[in-house]
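> Take a look at the following structure, please.
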Amino acid sequence: LLSIYHLHTYMVVNIPYIIGSPLLLQSIQQWKANGVLGLQSVVLYSLPELDGAIDTVVLGGLVGDKIALVPERVRKLASRIHGWVNMNRTPPEDRKIVVSLYGFPPNVGAVGTAALLDVPGSLDALLRRLHEEGYDVGSFATDPDASGESIVAALAILSEDAVISAGADRMQAAVETKMERARDNDQTVAATLAAPGGGLGGGQVHAIDVSMDELEGALGKYMTKKVRRSWSDKDRGPGVSSRGDLVVSGIQLGNIFVTVQPLLGVEGDPMRLLFQRDLTPHPQYCAAYEWLRRTESEGGIGADAVIHLGMHGTVEWLPGQPLGNDRQSWSDELLGGLPNIYVYAANNPSESILAKRRGYGTLVSYNVPPYGRAGLYLDLANLKDLVSEYRMSESANDEGGSTPRSDLRDAIWGSVQRCGLTSDVPLLADRNDENTAVTDTDLPANISNDKFDKWVGDLSEYLAELQDRLFSSGLHVLGNRPTDEELMTYLQAYYGDELPEDDCRKAIELFHNSKTGTEKNTKDFLTNFFTWIEKTFNDGNSETVLKPCESVDIEQNSEDVAHALSLISDASHIVNLLDQTTEELDSVMNALSGGYVPAKPGGDLLRDGTSVLPTGRNIHALDPYRMPSAGAWARGGKAAEEIIKQHRQMHNGEYPETVAVTLWGLDAIKTRGESVAIVLALVGATPVKEGTGRVVRFDLIPLEELGRPRIDILASLSGIFRDSFANVVDLLDDMFERAAIADEPEDLNFIKKHASELSDDGVERPAARLFSNPPGDYGSMVNEVVGSGDWDEAESLGETWKSRNVFSYGRNEGDGGANSGTARPQVLDKLLASTERIVQEIDSVEYGLTDIQEYYANTGALKKAAENRKPVDPDTGMKKKVAVSVIEAFGGPQGDSSVPVRDVEDVLRLEYRSKLLNPKWRDAMLDQGSGGAYEVSQRMTAMVGWAATADVDNFVFDQAAERYALDEEVAKKLQKANPEAFKNVVRRLLEANGRGMWDADDDVLDKLKELYSDADDMIEQASATIQRTR
């Protein structure tokens, strides 16, 4: 490890901190079998990354009691170092840079998108900054009509199947044809291409046809043989022309080559990736990266570096070692020695670990977008007015029903039904019995005013909560400093009611004055500031300051003033940090010069505070040996208590026998291990720390102290949690093994009960409780299945999840973990059958249940897998439901307050109302062009996923159709910005109706079918035109 002095040297000299070391705690054989494990991963990766280390290469390991080097790995380290040195020595005007954009899934407008990032705007800013730094970007920076949106639109054309099929030599013509169509106002073409020159800034298509023989020459016979074994000549995967060539394409702007990262999987056949564990990247994927690195004299791009723009790409997810790349790892092979500058969301330190460790990414973080408050709109705003009027009415005790107040009762009830709020705030005929909820269209006359008054109070609280819900407003542009109004949103989201709006503005003013540093500004500010103090703390009466304070507590006032000054000073510091977002582009430029990118912990301001700012940093995660933290342990325990309490209330006081808990890398890092703490608290265990503060064991709490049964756990691990927190996995596995054989009665230890039953059936490892994907593999594939529409019954999604998560992990797998990843379907089946509740944490405002596909694809599909194994409920004639408890953990530590736990359906309704159905959120996304349209589109796909695995109310589909498809102005904006995304919006609505998820009116369906038919016809006509140009 470097000393502080040496680290300081790296920063001053401005050179990258590269790690190359043999394994001192692990044999080469263990590394080859399972990757870098346990404490060795902390020493080699986690700790150096705190100081900004990159490009870690395992050079060898133990053979017996001696250290041996692997020559091929030594050459790899040399090639990585050479790449950085060569880039540093090459003048900027001669550097050849590849900018790689994301574009999966295909055919839904995803080209040039990334989580929370305005990719076209960021590409525009990047190219202009490169020009300022002396890079050759062609005429892009000097062309007033050039835009990132146009570059992305052109790349979307190059990604179309029909264009690829025609081959490299027809691609320029295909783009020019679309430009002509755009000028003719063709609705299937992005309007930005109508600009002079298509808005490409002189950019031209650079496309190459690569034969399989040429690929073998670049890739080598050994790796090509593996590719040929997985991909036959008849099925080479995507990116192949009709002549059988592998097509690599992009837009060339001087020495900058902008391209779309190849598709990772097989769209329409995601199940193939399920059952072919050794499937390699398809040939065109390999060709694309090989040709980026090939010199121009060899017909390649000759890249000096690649910038992966936005979270996240796919090269780090390719098959290979979970940790510690070797010759068999595809990311290692395809990146070679190419420096990889990876622009990544600051609030995702979990997946960024893979980008850094498996994808050799030098991370440069970007900020989250500004926050917005949901507010109330349309019928919800009208309902709030009705509630306010009702509560202000004078006839509070009138029972005669003849006053205006009684008329308001009916109006409120009707409005609640139109808003779909009867499930969120049920009106109970008997407030002590949830089964007495009123469902009548007309308000029953026997509901007393007193009962109605109390219900209106509950309704008012719900509307207040909904009004204050936060969401990400729009998308972030790389390197853009926030405006004053955007700074206000960050401060108000961070401080809430603690810092009033006027004080937030004063903090921003204080920052601006300190920045300008002029005497006049400072004087003016101080004068205004003390006037504000006088008004605030003396009721605006200036004489109070001069009089003896008979009625004013001077000591208390001084404390209030000091506190206010402290808050404003702290807020001004936050403003200063947010103002430094310009360093995002600074860090990209410095990395391109072979410089050092300073390290910062990943996270977001709301959850993690100012330690994650400023952005433009090489983000890292936490020390896995300190999980859970003291705060996480406290909150996790409270959450577990609330989960058990709610379950017992719904099940006549009975305890759940098994609770499934999702353990994800992202929420574990950002919450410091709250989900782990929930597992421990449910089981009845406590972390034991050594003198250094590291957790070394999870001890069982005696039953007499616990005071209830031990709950059994099905721990559903994400691939990142499995790989990044192997020490926690081992400790949990050890705890479950001890619980399974504890000298305790089975009716008070459900782990022991279920393990005994499995053991009686002859099942091996009956205490296995930690399940995940196959070793070195990631994801449930459920989102791919839903995205393709290639599924029939919802039950099949649960079985897809099960088939991908049947692998057990922990120190008791095989020989001390050497065979971790053992398929144990019988144990998983037993746990699923006994699961009565699932727990999911949400770690940030930016990634809610409805924002990304992973939540329904994992938690929703897990719910369905458990329900598939339940008996039929005689009351409903359907399989018994499994509840999902959702914990929104992004509010930060809450002291001694309780931890809110909600059912998944309640959270879904809250999220849909505050975001997707909210005109404020919608309009913010519409302002983001093609990227914003795609954000809308993917949420429609996620809505179908949730409807398949949980329950989505009919009003959600009704209002989604109304907001995005049936509103002509909005529909035109979506189609103009991103035709494929708009088509997907309409497609998902029709799919929801066709699958019985949505009961839509016939006239609405007719209009949607007409919209889809028109969009489909236009896109087909455009494709046919391209075919005719071949």
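We name chains A, B, ... following the order of the structure tokens; residues begin at 1 in each chain, and ligands are numbered from 1 as shown.
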Please identify which residues in stretch 307-445 of chain A DSSP calls helix (DSSP H, G or I) from the backbone, and express them as a PyMOL selection string.

chain A and resi 315-317+330-335+351-357+378-392+404-419+434-436

> Please dump the current selection as an mmCIF file, in the first residue's frame; keep C-alpha atoms.


data_model
loop_
_atom_site.group_PDB
_atom_site.id
_atom_site.type_symbol
_atom_site.label_atom_id
_atom_site.label_comp_id
_atom_site.auth_asym_id
_atom_site.auth_seq_id
_atom_site.Cartn_x
_atom_site.Cartn_y
_atom_site.Cartn_z
ATOM 1 C CA VAL A 315 -17.928 -4.854 -21.472
ATOM 2 C CA GLU A 316 -17.474 -5.278 -17.709
ATOM 3 C CA TRP A 317 -20.316 -7.824 -17.629
ATOM 4 C CA TRP A 330 -13.462 -11.530 -22.122
ATOM 5 C CA SER A 331 -13.295 -7.965 -20.837
ATOM 6 C CA ASP A 332 -9.552 -8.485 -20.340
ATOM 7 C CA GLU A 333 -9.156 -9.803 -23.865
ATOM 8 C CA LEU A 334 -11.229 -7.182 -25.687
ATOM 9 C CA LEU A 335 -9.912 -4.113 -23.865
ATOM 10 C CA GLU A 351 -22.002 -1.525 -10.242
ATOM 11 C CA SER A 352 -19.109 0.872 -10.695
ATOM 12 C CA ILE A 353 -16.970 -1.721 -8.904
ATOM 13 C CA LEU A 354 -17.415 -4.045 -11.871
ATOM 14 C CA ALA A 355 -16.602 -1.286 -14.328
ATOM 15 C CA LYS A 356 -13.395 -0.560 -12.424
ATOM 16 C CA ARG A 357 -12.274 -4.101 -11.605
ATOM 17 C CA LEU A 378 -55.283 17.755 -11.875
ATOM 18 C CA ASP A 379 -57.759 15.659 -9.855
ATOM 19 C CA LEU A 380 -55.334 15.377 -6.928
ATOM 20 C CA ALA A 381 -55.087 19.166 -6.697
ATOM 21 C CA ASN A 382 -58.882 19.444 -6.834
ATOM 22 C CA LEU A 383 -59.181 16.844 -4.101
ATOM 23 C CA LYS A 384 -56.813 18.796 -1.873
ATOM 24 C CA ASP A 385 -58.990 21.894 -2.321
ATOM 25 C CA LEU A 386 -62.106 19.892 -1.416
ATOM 26 C CA VAL A 387 -60.419 18.490 1.686
ATOM 27 C CA SER A 388 -59.249 21.945 2.754
ATOM 28 C CA GLU A 389 -62.711 23.392 2.248
ATOM 29 C CA TYR A 390 -64.277 20.531 4.179
ATOM 30 C CA ARG A 391 -61.915 20.877 7.133
ATOM 31 C CA MET A 392 -62.493 24.614 7.286
ATOM 32 C CA PRO A 404 -72.701 22.407 2.466
ATOM 33 C CA ARG A 405 -70.324 20.246 4.506
ATOM 34 C CA SER A 406 -72.400 17.129 3.848
ATOM 35 C CA ASP A 407 -72.453 17.973 0.152
ATOM 36 C CA LEU A 408 -68.660 18.077 0.285
ATOM 37 C CA ARG A 409 -68.618 14.546 1.682
ATOM 38 C CA ASP A 410 -70.022 13.170 -1.551
ATOM 39 C CA ALA A 411 -67.710 15.328 -3.650
ATOM 40 C CA ILE A 412 -64.650 14.137 -1.717
ATOM 41 C CA TRP A 413 -65.686 10.497 -1.953
ATOM 42 C CA GLY A 414 -66.238 10.787 -5.700
ATOM 43 C CA SER A 415 -62.881 12.505 -6.170
ATOM 44 C CA VAL A 416 -61.085 9.840 -4.103
ATOM 45 C CA GLN A 417 -62.521 7.156 -6.358
ATOM 46 C CA ARG A 418 -61.501 8.985 -9.526
ATOM 47 C CA CYS A 419 -57.971 9.349 -8.163
ATOM 48 C CA GLU A 434 -59.617 -3.566 7.669
ATOM 49 C CA ASN A 435 -62.133 -5.885 6.055
ATOM 50 C CA THR A 436 -64.878 -3.244 6.376
#

> Could you pull the residues within 9 Å of A:Met925, counting only C-alpha atoms, minus those fewer than 3 positions along the same chain, as a PyMOL selection string?

chain A and resi 473-475+920-922+928-929+931-933+935-936

> Based on the selection just made, write all heavy atoms of those residues as a CSV table (one decimal), in the first residue's frame.


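Output (result-v9.csv):
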chain,number,residue,atom,x,y,z
A,473,SER,N,-35.5,15.4,-11.5
A,473,SER,CA,-36.1,16.2,-12.5
A,473,SER,C,-35.2,16.3,-13.8
A,473,SER,O,-34.2,17.0,-13.8
A,473,SER,CB,-36.4,17.6,-12.0
A,473,SER,OG,-37.0,18.4,-12.9
A,474,GLY,N,-35.6,15.6,-14.8
A,474,GLY,CA,-34.8,15.6,-16.0
A,474,GLY,C,-33.5,14.8,-15.9
A,474,GLY,O,-33.4,13.8,-15.1
A,475,LEU,N,-32.5,15.1,-16.7
A,475,LEU,CA,-31.2,14.4,-16.7
A,475,LEU,C,-30.1,15.4,-16.6
A,475,LEU,O,-30.2,16.6,-16.9
A,475,LEU,CB,-31.1,13.7,-18.1
A,475,LEU,CG,-32.3,12.7,-18.4
A,475,LEU,CD1,-32.2,12.2,-19.8
A,475,LEU,CD2,-32.2,11.5,-17.4
A,920,LYS,N,-45.5,17.3,-14.1
A,920,LYS,CA,-44.3,18.0,-13.8
A,920,LYS,C,-43.1,17.1,-14.2
A,920,LYS,O,-42.1,17.5,-14.8
A,920,LYS,CB,-44.2,18.4,-12.3
A,920,LYS,CG,-43.0,19.2,-12.0
A,920,LYS,CD,-42.9,19.4,-10.5
A,920,LYS,CE,-44.0,20.3,-9.9
A,920,LYS,NZ,-43.8,20.6,-8.5
A,921,TRP,N,-43.1,15.8,-13.8
A,921,TRP,CA,-42.0,14.9,-14.1
A,921,TRP,C,-42.0,14.6,-15.6
A,921,TRP,O,-40.9,14.6,-16.2
A,921,TRP,CB,-42.3,13.5,-13.4
A,921,TRP,CG,-41.2,12.5,-13.6
A,921,TRP,CD1,-40.1,12.3,-12.9
A,921,TRP,CD2,-41.2,11.5,-14.7
A,921,TRP,NE1,-39.3,11.3,-13.5
A,921,TRP,CE2,-40.0,10.8,-14.6
A,921,TRP,CE3,-42.0,11.2,-15.8
A,921,TRP,CZ2,-39.6,9.8,-15.4
A,921,TRP,CZ3,-41.6,10.2,-16.6
A,921,TRP,CH2,-40.5,9.5,-16.5
A,922,ARG,N,-43.2,14.4,-16.2
A,922,ARG,CA,-43.3,14.2,-17.6
A,922,ARG,C,-42.6,15.3,-18.4
A,922,ARG,O,-41.8,15.1,-19.3
A,922,ARG,CB,-44.7,14.0,-18.0
A,922,ARG,CG,-45.0,13.8,-19.5
A,922,ARG,CD,-46.4,14.1,-19.9
A,922,ARG,NE,-46.8,15.5,-19.7
A,922,ARG,CZ,-48.0,16.0,-19.7
A,922,ARG,NH1,-49.0,15.1,-20.0
A,922,ARG,NH2,-48.3,17.2,-19.5
A,928,GLN,N,-35.8,16.7,-22.4
A,928,GLN,CA,-34.5,16.1,-22.5
A,928,GLN,C,-34.3,15.4,-23.9
A,928,GLN,O,-33.3,14.7,-24.1
A,928,GLN,CB,-34.3,15.1,-21.4
A,928,GLN,CG,-34.4,15.6,-20.0
A,928,GLN,CD,-33.5,16.7,-19.7
A,928,GLN,OE1,-32.3,16.7,-19.9
A,928,GLN,NE2,-34.0,17.8,-19.1
A,929,GLY,N,-35.2,15.6,-24.8
A,929,GLY,CA,-35.0,15.1,-26.1
A,929,GLY,C,-35.1,13.6,-26.2
A,929,GLY,O,-36.0,13.0,-25.5
A,931,GLY,N,-33.2,11.2,-25.1
A,931,GLY,CA,-33.0,10.5,-23.8
A,931,GLY,C,-34.2,10.5,-22.9
A,931,GLY,O,-34.5,9.5,-22.2
A,932,GLY,N,-34.8,11.7,-22.8
A,932,GLY,CA,-36.0,11.8,-22.0
A,932,GLY,C,-37.1,10.9,-22.5
A,932,GLY,O,-37.9,10.3,-21.7
A,933,ALA,N,-37.3,10.9,-23.8
A,933,ALA,CA,-38.3,10.0,-24.4
A,933,ALA,C,-38.1,8.5,-24.0
A,933,ALA,O,-39.0,7.8,-23.8
A,933,ALA,CB,-38.4,10.2,-25.9
A,935,GLU,N,-36.5,7.4,-21.4
A,935,GLU,CA,-36.8,7.3,-20.0
A,935,GLU,C,-38.3,7.0,-19.8
A,935,GLU,O,-38.7,6.1,-18.9
A,935,GLU,CB,-36.4,8.5,-19.2
A,935,GLU,CG,-34.9,8.7,-19.1
A,935,GLU,CD,-34.2,7.6,-18.3
A,935,GLU,OE1,-34.8,7.1,-17.3
A,935,GLU,OE2,-33.0,7.3,-18.6
A,936,VAL,N,-39.1,7.7,-20.5
A,936,VAL,CA,-40.6,7.4,-20.4
A,936,VAL,C,-40.9,6.0,-20.9
A,936,VAL,O,-41.6,5.2,-20.3
A,936,VAL,CB,-41.4,8.4,-21.3
A,936,VAL,CG1,-42.8,8.1,-21.4
A,936,VAL,CG2,-41.2,9.8,-20.6

> Taking the DSSP secondary structure from the backbone, can you list the residues of stretch 131-242 of chain A that are strand (DSSP E or B), as a PyMOL selection string?

chain A and resi 204-210+240

> Measuring atom to atom with only C-alpha atoms, identify which of A:Pro283, A:Pro22, A:Gly665, A:Pro120 is nearest to A:Val74.

A:Pro22

> Name the residues in contact with A:Tyr289 at a cut-off of 12 Å, using only C-alpha atoms, excluding same-chain residues fewer than 3 positions from it; report them as a ChimeraX atom specification.

/A:98,100,210,215,218-219,246-249,259-262,281-286,292-294,300-303,305-306,314-315,330-338,340

> Just the selected residues (N, CA and C atoms), exported as a tab-separated table (two decimals), in the first residue's frame, please.


chain	number	residue	atom	x	y	z
A	98	VAL	N	-12.02	7.11	-28.92
A	98	VAL	CA	-13.32	6.49	-29.21
A	98	VAL	C	-14.29	6.87	-28.09
A	100	SER	N	-17.84	5.70	-26.77
A	100	SER	CA	-18.77	4.59	-26.91
A	100	SER	C	-20.04	4.88	-26.13
A	210	VAL	N	-15.96	-6.76	-41.41
A	210	VAL	CA	-14.91	-7.64	-40.90
A	210	VAL	C	-15.33	-9.09	-41.12
A	215	LEU	N	-11.25	-11.58	-38.17
A	215	LEU	CA	-11.42	-11.57	-36.72
A	215	LEU	C	-10.44	-12.55	-36.06
A	218	ALA	N	-7.08	-11.10	-35.68
A	218	ALA	CA	-6.95	-10.11	-34.60
A	218	ALA	C	-7.11	-10.74	-33.23
A	219	LEU	N	-8.04	-11.66	-33.11
A	219	LEU	CA	-8.40	-12.23	-31.81
A	219	LEU	C	-7.49	-13.39	-31.42
A	246	LEU	N	-19.09	-8.98	-40.29
A	246	LEU	CA	-19.33	-8.33	-39.00
A	246	LEU	C	-19.14	-6.84	-39.20
A	247	VAL	N	-20.19	-6.06	-38.93
A	247	VAL	CA	-20.19	-4.65	-39.28
A	247	VAL	C	-19.84	-3.81	-38.05
A	248	VAL	N	-18.76	-3.03	-38.18
A	248	VAL	CA	-18.35	-2.09	-37.15
A	248	VAL	C	-18.53	-0.69	-37.72
A	249	SER	N	-19.29	0.17	-37.01
A	249	SER	CA	-19.61	1.47	-37.60
A	249	SER	C	-19.68	2.55	-36.53
A	259	THR	N	-19.29	5.84	-31.45
A	259	THR	CA	-19.92	4.58	-31.85
A	259	THR	C	-20.90	4.11	-30.78
A	260	VAL	N	-21.65	3.09	-31.12
A	260	VAL	CA	-22.58	2.47	-30.18
A	260	VAL	C	-21.99	1.14	-29.75
A	261	GLN	N	-21.92	0.93	-28.46
A	261	GLN	CA	-21.40	-0.35	-27.97
A	261	GLN	C	-22.25	-1.49	-28.52
A	262	PRO	N	-21.62	-2.56	-28.98
A	262	PRO	CA	-22.40	-3.68	-29.54
A	262	PRO	C	-23.41	-4.25	-28.54
A	281	PRO	N	-19.04	-13.60	-25.99
A	281	PRO	CA	-19.60	-12.48	-26.76
A	281	PRO	C	-19.75	-12.90	-28.22
A	282	HIS	N	-20.76	-12.37	-28.87
A	282	HIS	CA	-20.96	-12.75	-30.27
A	282	HIS	C	-19.84	-12.15	-31.13
A	283	PRO	N	-19.65	-12.66	-32.35
A	283	PRO	CA	-18.49	-12.25	-33.16
A	283	PRO	C	-18.40	-10.75	-33.41
A	284	GLN	N	-19.54	-10.08	-33.67
A	284	GLN	CA	-19.48	-8.66	-33.96
A	284	GLN	C	-19.05	-7.86	-32.74
A	285	TYR	N	-19.44	-8.31	-31.53
A	285	TYR	CA	-18.99	-7.65	-30.30
A	285	TYR	C	-17.46	-7.71	-30.23
A	286	CYS	N	-16.93	-8.89	-30.48
A	286	CYS	CA	-15.47	-9.05	-30.45
A	286	CYS	C	-14.80	-8.19	-31.52
A	292	LEU	N	-11.34	-1.32	-32.71
A	292	LEU	CA	-11.03	-0.05	-32.04
A	292	LEU	C	-9.54	0.03	-31.74
A	293	ARG	N	-8.95	-1.10	-31.34
A	293	ARG	CA	-7.54	-1.12	-30.93
A	293	ARG	C	-6.59	-1.28	-32.11
A	294	ARG	N	-7.06	-1.84	-33.21
A	294	ARG	CA	-6.20	-2.06	-34.38
A	294	ARG	C	-5.72	-0.73	-34.95
A	300	GLY	N	-7.91	-0.49	-38.83
A	300	GLY	CA	-8.71	-0.24	-37.63
A	300	GLY	C	-8.85	1.23	-37.31
A	301	ILE	N	-9.33	1.52	-36.10
A	301	ILE	CA	-9.53	2.90	-35.65
A	301	ILE	C	-8.25	3.46	-35.06
A	302	GLY	N	-7.43	2.60	-34.47
A	302	GLY	CA	-6.17	3.04	-33.87
A	302	GLY	C	-6.36	3.87	-32.62
A	303	ALA	N	-7.32	3.49	-31.80
A	303	ALA	CA	-7.67	4.29	-30.63
A	303	ALA	C	-6.55	4.34	-29.62
A	305	ALA	N	-7.49	5.71	-26.60
A	305	ALA	CA	-8.31	5.53	-25.39
A	305	ALA	C	-9.76	5.41	-25.81
A	306	VAL	N	-10.56	4.83	-24.93
A	306	VAL	CA	-12.00	4.78	-25.14
A	306	VAL	C	-12.68	5.45	-23.96
A	314	THR	N	-21.51	-2.60	-21.19
A	314	THR	CA	-21.60	-4.05	-21.01
A	314	THR	C	-20.27	-4.77	-20.98
A	315	VAL	N	-19.18	-4.11	-21.35
A	315	VAL	CA	-17.93	-4.85	-21.47
A	315	VAL	C	-17.50	-5.45	-20.13
A	330	TRP	N	-13.26	-12.20	-20.85
A	330	TRP	CA	-13.46	-11.53	-22.12
A	330	TRP	C	-13.25	-10.02	-22.05
A	331	SER	N	-13.57	-9.40	-20.94
A	331	SER	CA	-13.29	-7.96	-20.84
A	331	SER	C	-11.79	-7.71	-20.90
A	332	ASP	N	-11.01	-8.58	-20.31
A	332	ASP	CA	-9.55	-8.49	-20.34
A	332	ASP	C	-9.03	-8.61	-21.77
A	333	GLU	N	-9.59	-9.56	-22.49
A	333	GLU	CA	-9.16	-9.80	-23.86
A	333	GLU	C	-9.52	-8.63	-24.78
A	334	LEU	N	-10.76	-8.16	-24.71
A	334	LEU	CA	-11.23	-7.18	-25.69
A	334	LEU	C	-10.70	-5.78	-25.41
A	335	LEU	N	-10.47	-5.43	-24.16
A	335	LEU	CA	-9.91	-4.11	-23.87
A	335	LEU	C	-8.40	-4.07	-24.07
A	336	GLY	N	-7.74	-5.22	-23.94
A	336	GLY	CA	-6.29	-5.25	-24.14
A	336	GLY	C	-5.59	-4.25	-23.24
A	337	GLY	N	-4.79	-3.37	-23.84
A	337	GLY	CA	-4.10	-2.33	-23.08
A	337	GLY	C	-4.74	-0.97	-23.23
A	338	LEU	N	-5.95	-0.91	-23.78
A	338	LEU	CA	-6.61	0.36	-24.08
A	338	LEU	C	-7.10	1.05	-22.81
A	340	ASN	N	-9.39	2.97	-20.44
A	340	ASN	CA	-10.86	3.03	-20.47
A	340	ASN	C	-11.32	4.10	-19.48

> When distances are computed from only C-alpha atoms, which of A:Ile54, A:Ser780, A:Asp790, A:Ser460 shows the smallest separation from A:Ser803?

A:Ser780

> Residues at most 9 Å from A:Leu613, counting only C-alpha atoms, excluding those fewer than 4 positions away in the same chain, as a list of chain:residue names?

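Final neighbour list, sorted by chain and number: A:Ala346, A:Asn367, A:Ile574, A:Leu577, A:Leu578, A:Gln580, A:Thr581, A:Lys600, A:Pro601, A:Gly602, A:Gly603, A:Asp604, A:Leu605, A:Gly609, A:Arg617.
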
> Mind pulling up the distance from atom CA of A:Arg902 to atom CA of A:Leu427?

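Calculated distance between atom CA of A:Leu427 and atom CA of A:Arg902 is 18.5 Å.
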
> Rank nothing, just name the residue among A:Thr822, A:Gln321, A:Ser587, A:Gln938 nearest to A:Trp31, using only C-alpha atoms.

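Smallest distance to A:Trp31 is found for A:Gln321.
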
> Which neighbours of A:Ala992 fall inside 9 Å, counting only C-alpha atoms, when residues of the same chain fewer than 4 positions from it are skipped, and could you give them as number ranges by chain?

A: 943-944, 947, 957, 987-988, 996-999

> Mind checking which residues fall within 10 Å of A:Ala154, counting only C-alpha atoms, ignoring those fewer than 4 positions away in the same chain, and posting them as an NGL selection string?

:A and (111 or 148-150 or 158-159 or 172 or 174-176 or 178-179 or 189-190 or 192-193 or 198-200 or 203-205 or 250-251)

> How far is it from atom CA of A:Thr483 to atom CA of A:Tyr495, in Å with one decimal?

18.3 Å

> Calculated over only C-alpha atoms, which of the candidates A:Leu459, A:Ala981, A:Val137, A:Leu862 has the smallest distance to A:Ser937?

A:Ala981

> Grab the atom CA of A:Gly945 to atom CA of A:Ser885 distance for me, in Å with one decimal place.

18.0 Å
